[in-house]
Amino acid sequence: MIKEFCAENFTHIPRAIAAGANRIELCDNLIVGGTTVSKGVMTAAADYCAEKKIPLMALIRPRGGNFVYTDSELKIMETDIYDAKQLGVDGVVFGCLNERQTIDEEAMFMLLEAAEGMQVTFHMAFDVLSKDEQFKAIDWLANHQVDRILTHGGPSSFPIEQHLEYIKDLMSYANNRITILPGGGISFENADSIVSFLNTKEIHGTRIVNLDFL
C-alpha cells in the first residue's frame, strides 16, 4: 500500500516517513490548494527522501486560483520541472485547463516534454472538469503516459466517503491504464475502510499517517 503524504514545506517529512509514509508529495501554501516550494526546500526534501529511499513528487503550480495558465506562468512551471529533475525529484504533479474547462493539451504537451523520464500525476484540476470531460481526460492522460490522477471524486465541500462510488466508477473506467489516486479527506483514521471499499493500492492526504503518535 502506497501512503502518499502531502507535505507542506519540508517540516513534517522526516516524521511522516517515520510514521509510515512511503511516498511524499511536496508543496507549499496548502491554504490555496498548494503551490511549488522554493528550490532550497526542494533540494532538502530530495536529499532526505533519496537517503530514505522514499519517492518524492513535487507540485508544480505557480499560484493558487484556477488552472488556466498564461504563457509566462507555463514558462515558470517548465523551469520548475527542469529544476526538480536536476535535483533528483522522482516525479511532478500538475494540471492545466483552458477557458472551456477542458484539458489544455498544448500546455500539457509542453510540461510533459519537460518532465520526460519522471513520474507525472495530474492533480485535482481534474475535479474542476465536468463528469463527461473527466472520462475523456482519463483517456487523454492515459494515452500520454501520465501515471496517475489525483481526485477527491467530487466537490471538496463534501467528505470523500460521499464520492467513493463515483471514484470506483473512475477506477473501473481507467481499467489499470492509469492510476486513480483518491485524496482529500483521507486520514489514518478512515484509510482502511476507504482502501477496502475501493480496493486501491494508493491513497493520498495530509493526515495519511499519524504524526501525533511519534
# chains A, B, ... in the order shown; residues from 1 in each chain; ligands from 1
>>> residues_around(residues="Met118 in chain A", least_positions_apart="6", cutoff="10 Å", atoms="only C-alpha atoms", output="ChimeraX atom specification")
/A:57,81,84-85,88-92,112,146-147
>>> select_by_dssp(residues="range 3-214 of chain A", states="helix (DSSP H, G or I)", output="number ranges by chain")
A: 13-18, 30-32, 39-52, 71-86, 105-114, 124-128, 131-143, 160-174, 191-198, 211-213
>>> write_last_selection(atoms="C-alpha atoms", output="PDB file, in the first residue's frame")
ATOM      1  CA  ILE A  13       8.628  14.968   6.029  1.00  0.00           C
ATOM      2  CA  PRO A  14      11.003  13.184   8.459  1.00  0.00           C
ATOM      3  CA  ARG A  15       8.183  12.450  10.922  1.00  0.00           C
ATOM      4  CA  ALA A  16       5.799  11.386   8.160  1.00  0.00           C
ATOM      5  CA  ILE A  17       8.292   8.876   6.791  1.00  0.00           C
ATOM      6  CA  ALA A  18       8.974   7.587  10.300  1.00  0.00           C
ATOM      7  CA  LEU A  30      -1.974  24.444   1.214  1.00  0.00           C
ATOM      8  CA  ILE A  31      -4.432  27.168   2.194  1.00  0.00           C
ATOM      9  CA  VAL A  32      -4.702  27.965  -1.546  1.00  0.00           C
ATOM     10  CA  LYS A  39      14.377  25.439  -4.822  1.00  0.00           C
ATOM     11  CA  GLY A  40      16.029  25.276  -1.405  1.00  0.00           C
ATOM     12  CA  VAL A  41      13.122  23.355   0.108  1.00  0.00           C
ATOM     13  CA  MET A  42      13.017  21.059  -2.900  1.00  0.00           C
ATOM     14  CA  THR A  43      16.732  20.350  -2.532  1.00  0.00           C
ATOM     15  CA  ALA A  44      16.408  19.462   1.155  1.00  0.00           C
ATOM     16  CA  ALA A  45      13.399  17.228   0.515  1.00  0.00           C
ATOM     17  CA  ALA A  46      15.022  15.486  -2.451  1.00  0.00           C
ATOM     18  CA  ASP A  47      18.198  14.770  -0.485  1.00  0.00           C
ATOM     19  CA  TYR A  48      16.290  13.470   2.541  1.00  0.00           C
ATOM     20  CA  CYS A  49      13.888  11.295   0.547  1.00  0.00           C
ATOM     21  CA  ALA A  50      16.740   9.857  -1.521  1.00  0.00           C
ATOM     22  CA  GLU A  51      18.564   8.940   1.690  1.00  0.00           C
ATOM     23  CA  LYS A  52      15.431   7.187   2.971  1.00  0.00           C
ATOM     24  CA  ASP A  71       2.401  31.705 -21.252  1.00  0.00           C
ATOM     25  CA  SER A  72       4.581  33.338 -18.594  1.00  0.00           C
ATOM     26  CA  GLU A  73       3.194  31.038 -15.887  1.00  0.00           C
ATOM     27  CA  LEU A  74       3.747  27.980 -18.071  1.00  0.00           C
ATOM     28  CA  LYS A  75       7.354  29.010 -18.609  1.00  0.00           C
ATOM     29  CA  ILE A  76       7.778  29.245 -14.825  1.00  0.00           C
ATOM     30  CA  MET A  77       6.277  25.763 -14.457  1.00  0.00           C
ATOM     31  CA  GLU A  78       8.555  24.379 -17.157  1.00  0.00           C
ATOM     32  CA  THR A  79      11.605  25.826 -15.390  1.00  0.00           C
ATOM     33  CA  ASP A  80      10.457  24.385 -12.053  1.00  0.00           C
ATOM     34  CA  ILE A  81      10.108  20.936 -13.651  1.00  0.00           C
ATOM     35  CA  TYR A  82      13.625  21.106 -15.058  1.00  0.00           C
ATOM     36  CA  ASP A  83      14.902  22.191 -11.629  1.00  0.00           C
ATOM     37  CA  ALA A  84      13.072  19.309  -9.954  1.00  0.00           C
ATOM     38  CA  LYS A  85      14.550  16.829 -12.422  1.00  0.00           C
ATOM     39  CA  GLN A  86      18.048  18.201 -11.883  1.00  0.00           C
ATOM     40  CA  GLU A 105      -3.443  19.911 -24.414  1.00  0.00           C
ATOM     41  CA  GLU A 106      -0.836  22.345 -25.722  1.00  0.00           C
ATOM     42  CA  ALA A 107       0.219  23.339 -22.209  1.00  0.00           C
ATOM     43  CA  MET A 108       0.256  19.710 -21.093  1.00  0.00           C
ATOM     44  CA  PHE A 109       2.445  18.697 -24.047  1.00  0.00           C
ATOM     45  CA  MET A 110       4.942  21.395 -23.094  1.00  0.00           C
ATOM     46  CA  LEU A 111       5.153  20.316 -19.457  1.00  0.00           C
ATOM     47  CA  LEU A 112       5.116  16.593 -20.221  1.00  0.00           C
ATOM     48  CA  GLU A 113       8.078  17.068 -22.522  1.00  0.00           C
ATOM     49  CA  ALA A 114       9.945  18.831 -19.710  1.00  0.00           C
ATOM     50  CA  MET A 124      -7.074  17.979  -8.614  1.00  0.00           C
ATOM     51  CA  ALA A 125      -7.599  20.263 -11.588  1.00  0.00           C
ATOM     52  CA  PHE A 126      -9.313  17.021 -12.622  1.00  0.00           C
ATOM     53  CA  ASP A 127     -12.120  17.755 -10.157  1.00  0.00           C
ATOM     54  CA  VAL A 128     -12.950  21.020 -11.949  1.00  0.00           C
ATOM     55  CA  LYS A 131     -18.084  14.302 -15.405  1.00  0.00           C
ATOM     56  CA  ASP A 132     -18.170  13.810 -19.177  1.00  0.00           C
ATOM     57  CA  GLU A 133     -14.853  15.611 -19.503  1.00  0.00           C
ATOM     58  CA  GLN A 134     -13.350  13.558 -16.689  1.00  0.00           C
ATOM     59  CA  PHE A 135     -13.805  10.339 -18.631  1.00  0.00           C
ATOM     60  CA  LYS A 136     -12.327  11.983 -21.749  1.00  0.00           C
ATOM     61  CA  ALA A 137      -9.446  13.210 -19.588  1.00  0.00           C
ATOM     62  CA  ILE A 138      -8.725   9.697 -18.355  1.00  0.00           C
ATOM     63  CA  ASP A 139      -8.362   8.569 -21.974  1.00  0.00           C
ATOM     64  CA  TRP A 140      -6.142  11.506 -22.943  1.00  0.00           C
ATOM     65  CA  LEU A 141      -3.891  11.300 -19.890  1.00  0.00           C
ATOM     66  CA  ALA A 142      -3.531   7.521 -20.138  1.00  0.00           C
ATOM     67  CA  ASN A 143      -2.634   7.844 -23.818  1.00  0.00           C
ATOM     68  CA  ILE A 160     -14.720  11.800   0.341  1.00  0.00           C
ATOM     69  CA  GLU A 161     -16.913   8.997   1.660  1.00  0.00           C
ATOM     70  CA  GLN A 162     -19.800  10.546  -0.310  1.00  0.00           C
ATOM     71  CA  HIS A 163     -17.777  10.260  -3.528  1.00  0.00           C
ATOM     72  CA  LEU A 164     -16.468   6.712  -3.203  1.00  0.00           C
ATOM     73  CA  GLU A 165     -18.984   5.135  -5.577  1.00  0.00           C
ATOM     74  CA  TYR A 166     -18.019   7.625  -8.266  1.00  0.00           C
ATOM     75  CA  ILE A 167     -14.289   7.146  -7.632  1.00  0.00           C
ATOM     76  CA  LYS A 168     -14.874   3.427  -8.075  1.00  0.00           C
ATOM     77  CA  ASP A 169     -16.533   4.191 -11.432  1.00  0.00           C
ATOM     78  CA  LEU A 170     -13.478   6.217 -12.464  1.00  0.00           C
ATOM     79  CA  MET A 171     -11.182   3.379 -11.452  1.00  0.00           C
ATOM     80  CA  SER A 172     -13.261   0.881 -13.391  1.00  0.00           C
ATOM     81  CA  TYR A 173     -13.158   3.057 -16.497  1.00  0.00           C
ATOM     82  CA  ALA A 174      -9.405   3.639 -16.145  1.00  0.00           C
ATOM     83  CA  ALA A 191      -7.937   4.960   5.351  1.00  0.00           C
ATOM     84  CA  ASP A 192      -8.579   1.261   5.982  1.00  0.00           C
ATOM     85  CA  SER A 193     -12.287   1.451   5.186  1.00  0.00           C
ATOM     86  CA  ILE A 194     -11.682   3.541   2.054  1.00  0.00           C
ATOM     87  CA  VAL A 195      -8.942   1.224   0.810  1.00  0.00           C
ATOM     88  CA  SER A 196     -11.196  -1.766   1.421  1.00  0.00           C
ATOM     89  CA  PHE A 197     -14.142  -0.212  -0.439  1.00  0.00           C
ATOM     90  CA  LEU A 198     -12.114   0.961  -3.435  1.00  0.00           C
ATOM     91  CA  LEU A 211       2.191  12.247  13.194  1.00  0.00           C
ATOM     92  CA  ASP A 212       0.931  12.626  16.756  1.00  0.00           C
ATOM     93  CA  PHE A 213       1.798   9.014  17.515  1.00  0.00           C
TER      94      PHE A 213
END
>>> atom_distance(atom1="CA of Ser156 in chain A", atom2="CA of Asn29 in chain A")
17.0 Å
>>> closest_residue(among="A:Phe10, A:Tyr69, A:Phe122, A:Phe5", to="Asn98 in chain A", atoms="only C-alpha atoms")
A:Tyr69
>>> residues_around(residues="Lys201 in chain A", least_positions_apart="5", cutoff="10 Å", atoms="only C-alpha atoms", output="JSON list (two decimals) with all heavy atoms, in the first residue's frame")
[["chain", "number", "residue", "atom", "x", "y", "z"],
["A", 1, "MET", "N", 0.84, -1.20, 0.00],
["A", 1, "MET", "CA", 0.00, 0.00, 0.00],
["A", 1, "MET", "C", 0.88, 1.26, 0.00],
["A", 1, "MET", "O", 1.76, 1.40, 0.84],
["A", 1, "MET", "CB", -0.91, -0.01, 1.24],
["A", 1, "MET", "CG", -1.64, 1.30, 1.51],
["A", 1, "MET", "SD", -2.70, 1.82, 0.15],
["A", 1, "MET", "CE", -3.76, 0.39, 0.00],
["A", 2, "ILE", "N", 0.64, 2.13, -0.96],
["A", 2, "ILE", "CA", 1.37, 3.39, -1.02],
["A", 2, "ILE", "C", 0.56, 4.46, -0.27],
["A", 2, "ILE", "O", -0.57, 4.77, -0.65],
["A", 2, "ILE", "CB", 1.63, 3.83, -2.46],
["A", 2, "ILE", "CG1", 2.57, 2.83, -3.14],
["A", 2, "ILE", "CG2", 2.24, 5.23, -2.51],
["A", 2, "ILE", "CD1", 2.81, 3.11, -4.60],
["A", 3, "LYS", "N", 1.16, 4.99, 0.76],
["A", 3, "LYS", "CA", 0.57, 6.09, 1.51],
["A", 3, "LYS", "C", 1.33, 7.35, 1.15],
["A", 3, "LYS", "O", 2.45, 7.56, 1.62],
["A", 3, "LYS", "CB", 0.64, 5.83, 3.02],
["A", 3, "LYS", "CG", -0.17, 4.63, 3.48],
["A", 3, "LYS", "CD", -0.04, 4.42, 4.98],
["A", 3, "LYS", "CE", -0.85, 3.21, 5.44],
["A", 3, "LYS", "NZ", -0.71, 3.00, 6.90],
["A", 179, "THR", "N", -3.46, 5.18, -12.94],
["A", 179, "THR", "CA", -3.87, 5.03, -11.54],
["A", 179, "THR", "C", -4.78, 6.18, -11.14],
["A", 179, "THR", "O", -4.44, 7.35, -11.37],
["A", 179, "THR", "CB", -2.65, 4.99, -10.62],
["A", 179, "THR", "OG1", -1.86, 3.84, -10.94],
["A", 179, "THR", "CG2", -3.06, 4.92, -9.16],
["A", 180, "ILE", "N", -5.91, 5.86, -10.56],
["A", 180, "ILE", "CA", -6.78, 6.87, -9.94],
["A", 180, "ILE", "C", -6.39, 6.93, -8.47],
["A", 180, "ILE", "O", -6.55, 5.95, -7.73],
["A", 180, "ILE", "CB", -8.27, 6.52, -10.10],
["A", 180, "ILE", "CG1", -8.63, 6.34, -11.58],
["A", 180, "ILE", "CG2", -9.13, 7.58, -9.44],
["A", 180, "ILE", "CD1", -8.45, 7.58, -12.44],
["A", 181, "LEU", "N", -5.86, 8.07, -8.05],
["A", 181, "LEU", "CA", -5.35, 8.25, -6.69],
["A", 181, "LEU", "C", -6.34, 9.06, -5.87],
["A", 181, "LEU", "O", -6.49, 10.27, -6.06],
["A", 181, "LEU", "CB", -4.00, 8.97, -6.74],
["A", 181, "LEU", "CG", -3.35, 9.37, -5.42],
["A", 181, "LEU", "CD1", -3.05, 8.13, -4.56],
["A", 181, "LEU", "CD2", -2.07, 10.16, -5.67],
["A", 195, "VAL", "N", -9.75, 2.16, 1.60],
["A", 195, "VAL", "CA", -8.94, 1.22, 0.81],
["A", 195, "VAL", "C", -9.73, -0.06, 0.54],
["A", 195, "VAL", "O", -9.72, -0.59, -0.58],
["A", 195, "VAL", "CB", -7.62, 0.91, 1.54],
["A", 195, "VAL", "CG1", -6.92, -0.29, 0.91],
["A", 195, "VAL", "CG2", -6.70, 2.12, 1.50],
["A", 196, "SER", "N", -10.41, -0.55, 1.56],
["A", 196, "SER", "CA", -11.20, -1.77, 1.42],
["A", 196, "SER", "C", -12.32, -1.59, 0.41],
["A", 196, "SER", "O", -12.56, -2.45, -0.45],
["A", 196, "SER", "CB", -11.77, -2.18, 2.78],
["A", 196, "SER", "OG", -12.59, -3.32, 2.66]]
>>> residues_around(residues="Phe188 in chain A", least_positions_apart="4", cutoff="7 Å", atoms="only C-alpha atoms", output="ChimeraX atom specification")
/A:207-210
>>> decode(residues="range 186-202 of chain A", atoms="all heavy atoms", output="mmCIF file, in the first residue's frame")
data_model
loop_
_atom_site.group_PDB
_atom_site.id
_atom_site.type_symbol
_atom_site.label_atom_id
_atom_site.label_comp_id
_atom_site.auth_asym_id
_atom_site.auth_seq_id
_atom_site.Cartn_x
_atom_site.Cartn_y
_atom_site.Cartn_z
ATOM 1 N N ILE A 186 -8.797 11.865 3.293
ATOM 2 C CA ILE A 186 -8.386 10.523 3.732
ATOM 3 C C ILE A 186 -7.336 10.693 4.819
ATOM 4 O O ILE A 186 -6.353 11.419 4.648
ATOM 5 C CB ILE A 186 -7.806 9.693 2.576
ATOM 6 C CG1 ILE A 186 -8.806 9.581 1.425
ATOM 7 C CG2 ILE A 186 -7.421 8.297 3.077
ATOM 8 C CD1 ILE A 186 -8.283 8.787 0.235
ATOM 9 N N SER A 187 -7.548 10.026 5.942
ATOM 10 C CA SER A 187 -6.625 10.121 7.065
ATOM 11 C C SER A 187 -6.302 8.723 7.572
ATOM 12 O O SER A 187 -6.894 7.725 7.126
ATOM 13 C CB SER A 187 -7.242 10.948 8.197
ATOM 14 O OG SER A 187 -8.271 10.213 8.831
ATOM 15 N N PHE A 188 -5.381 8.654 8.506
ATOM 16 C CA PHE A 188 -5.057 7.365 9.125
ATOM 17 C C PHE A 188 -6.278 6.767 9.819
ATOM 18 O O PHE A 188 -6.329 5.564 10.062
ATOM 19 C CB PHE A 188 -3.892 7.524 10.118
ATOM 20 C CG PHE A 188 -4.189 8.432 11.279
ATOM 21 C CD1 PHE A 188 -4.735 7.934 12.454
ATOM 22 C CD2 PHE A 188 -3.938 9.802 11.199
ATOM 23 C CE1 PHE A 188 -5.001 8.771 13.532
ATOM 24 C CE2 PHE A 188 -4.202 10.643 12.262
ATOM 25 C CZ PHE A 188 -4.748 10.135 13.430
ATOM 26 N N GLU A 189 -7.289 7.587 10.097
ATOM 27 C CA GLU A 189 -8.480 7.102 10.796
ATOM 28 C C GLU A 189 -9.480 6.420 9.872
ATOM 29 O O GLU A 189 -10.145 5.459 10.269
ATOM 30 C CB GLU A 189 -9.148 8.267 11.531
ATOM 31 C CG GLU A 189 -8.275 8.849 12.634
ATOM 32 C CD GLU A 189 -8.794 10.175 13.164
ATOM 33 O OE1 GLU A 189 -9.161 11.052 12.358
ATOM 34 O OE2 GLU A 189 -8.823 10.325 14.407
ATOM 35 N N ASN A 190 -9.605 6.904 8.638
ATOM 36 C CA ASN A 190 -10.594 6.295 7.736
ATOM 37 C C ASN A 190 -9.963 5.566 6.560
ATOM 38 O O ASN A 190 -10.664 5.044 5.694
ATOM 39 C CB ASN A 190 -11.576 7.348 7.214
ATOM 40 C CG ASN A 190 -10.910 8.437 6.376
ATOM 41 O OD1 ASN A 190 -9.730 8.375 6.100
ATOM 42 N ND2 ASN A 190 -11.687 9.441 5.983
ATOM 43 N N ALA A 191 -8.635 5.530 6.509
ATOM 44 C CA ALA A 191 -7.937 4.960 5.351
ATOM 45 C C ALA A 191 -8.302 3.499 5.107
ATOM 46 O O ALA A 191 -8.550 3.096 3.964
ATOM 47 C CB ALA A 191 -6.432 5.105 5.532
ATOM 48 N N ASP A 192 -8.343 2.696 6.166
ATOM 49 C CA ASP A 192 -8.579 1.261 5.982
ATOM 50 C C ASP A 192 -9.923 0.990 5.315
ATOM 51 O O ASP A 192 -10.020 0.159 4.404
ATOM 52 C CB ASP A 192 -8.505 0.524 7.326
ATOM 53 C CG ASP A 192 -7.077 0.408 7.846
ATOM 54 O OD1 ASP A 192 -6.135 0.664 7.061
ATOM 55 O OD2 ASP A 192 -6.910 0.079 9.036
ATOM 56 N N SER A 193 -10.963 1.693 5.758
ATOM 57 C CA SER A 193 -12.287 1.451 5.186
ATOM 58 C C SER A 193 -12.354 1.924 3.736
ATOM 59 O O SER A 193 -12.991 1.282 2.884
ATOM 60 C CB SER A 193 -13.370 2.151 6.019
ATOM 61 O OG SER A 193 -13.179 3.553 6.040
ATOM 62 N N ILE A 194 -11.685 3.024 3.425
ATOM 63 C CA ILE A 194 -11.682 3.541 2.054
ATOM 64 C C ILE A 194 -10.896 2.610 1.138
ATOM 65 O O ILE A 194 -11.341 2.287 0.028
ATOM 66 C CB ILE A 194 -11.111 4.972 2.028
ATOM 67 C CG1 ILE A 194 -12.126 5.932 2.681
ATOM 68 C CG2 ILE A 194 -10.792 5.414 0.604
ATOM 69 C CD1 ILE A 194 -11.616 7.338 2.876
ATOM 70 N N VAL A 195 -9.746 2.158 1.598
ATOM 71 C CA VAL A 195 -8.942 1.224 0.810
ATOM 72 C C VAL A 195 -9.725 -0.056 0.544
ATOM 73 O O VAL A 195 -9.723 -0.594 -0.579
ATOM 74 C CB VAL A 195 -7.619 0.913 1.542
ATOM 75 C CG1 VAL A 195 -6.922 -0.292 0.912
ATOM 76 C CG2 VAL A 195 -6.702 2.120 1.505
ATOM 77 N N SER A 196 -10.411 -0.547 1.563
ATOM 78 C CA SER A 196 -11.196 -1.766 1.421
ATOM 79 C C SER A 196 -12.320 -1.588 0.405
ATOM 80 O O SER A 196 -12.555 -2.452 -0.445
ATOM 81 C CB SER A 196 -11.771 -2.175 2.782
ATOM 82 O OG SER A 196 -12.588 -3.315 2.658
ATOM 83 N N PHE A 197 -13.020 -0.453 0.472
ATOM 84 C CA PHE A 197 -14.142 -0.212 -0.439
ATOM 85 C C PHE A 197 -13.663 -0.077 -1.879
ATOM 86 O O PHE A 197 -14.267 -0.634 -2.803
ATOM 87 C CB PHE A 197 -14.900 1.047 -0.027
ATOM 88 C CG PHE A 197 -16.112 1.322 -0.875
ATOM 89 C CD1 PHE A 197 -17.321 0.713 -0.597
ATOM 90 C CD2 PHE A 197 -16.031 2.184 -1.964
ATOM 91 C CE1 PHE A 197 -18.439 0.948 -1.385
ATOM 92 C CE2 PHE A 197 -17.137 2.429 -2.761
ATOM 93 C CZ PHE A 197 -18.348 1.806 -2.470
ATOM 94 N N LEU A 198 -12.583 0.671 -2.081
ATOM 95 C CA LEU A 198 -12.114 0.961 -3.435
ATOM 96 C C LEU A 198 -11.184 -0.125 -3.985
ATOM 97 O O LEU A 198 -10.952 -0.176 -5.188
ATOM 98 C CB LEU A 198 -11.371 2.300 -3.465
ATOM 99 C CG LEU A 198 -12.194 3.553 -3.188
ATOM 100 C CD1 LEU A 198 -11.280 4.778 -3.169
ATOM 101 C CD2 LEU A 198 -13.278 3.730 -4.246
ATOM 102 N N ASN A 199 -10.657 -0.950 -3.098
ATOM 103 C CA ASN A 199 -9.650 -1.935 -3.495
ATOM 104 C C ASN A 199 -8.498 -1.239 -4.222
ATOM 105 O O ASN A 199 -8.070 -1.646 -5.303
ATOM 106 C CB ASN A 199 -10.261 -3.023 -4.383
ATOM 107 C CG ASN A 199 -9.308 -4.195 -4.579
ATOM 108 O OD1 ASN A 199 -8.471 -4.479 -3.720
ATOM 109 N ND2 ASN A 199 -9.431 -4.875 -5.713
ATOM 110 N N THR A 200 -8.042 -0.152 -3.612
ATOM 111 C CA THR A 200 -6.971 0.648 -4.208
ATOM 112 C C THR A 200 -5.638 0.330 -3.560
ATOM 113 O O THR A 200 -5.588 -0.142 -2.420
ATOM 114 C CB THR A 200 -7.274 2.153 -4.073
ATOM 115 O OG1 THR A 200 -6.262 2.902 -4.741
ATOM 116 C CG2 THR A 200 -7.316 2.590 -2.607
ATOM 117 N N LYS A 201 -4.571 0.606 -4.285
ATOM 118 C CA LYS A 201 -3.226 0.355 -3.764
ATOM 119 C C LYS A 201 -2.498 1.651 -3.423
ATOM 120 O O LYS A 201 -1.351 1.625 -2.988
ATOM 121 C CB LYS A 201 -2.411 -0.444 -4.773
ATOM 122 C CG LYS A 201 -2.945 -1.855 -5.020
ATOM 123 C CD LYS A 201 -2.069 -2.594 -6.038
ATOM 124 C CE LYS A 201 -2.514 -4.039 -6.181
ATOM 125 N NZ LYS A 201 -3.893 -4.161 -6.706
ATOM 126 N N GLU A 202 -3.151 2.813 -3.649
ATOM 127 C CA GLU A 202 -2.521 4.101 -3.380
ATOM 128 C C GLU A 202 -3.552 5.055 -2.785
ATOM 129 O O GLU A 202 -4.677 5.133 -3.280
ATOM 130 C CB GLU A 202 -1.948 4.722 -4.666
ATOM 131 C CG GLU A 202 -0.917 3.866 -5.370
ATOM 132 C CD GLU A 202 -0.234 4.590 -6.528
ATOM 133 O OE1 GLU A 202 -0.311 5.837 -6.584
ATOM 134 O OE2 GLU A 202 0.388 3.913 -7.366
#
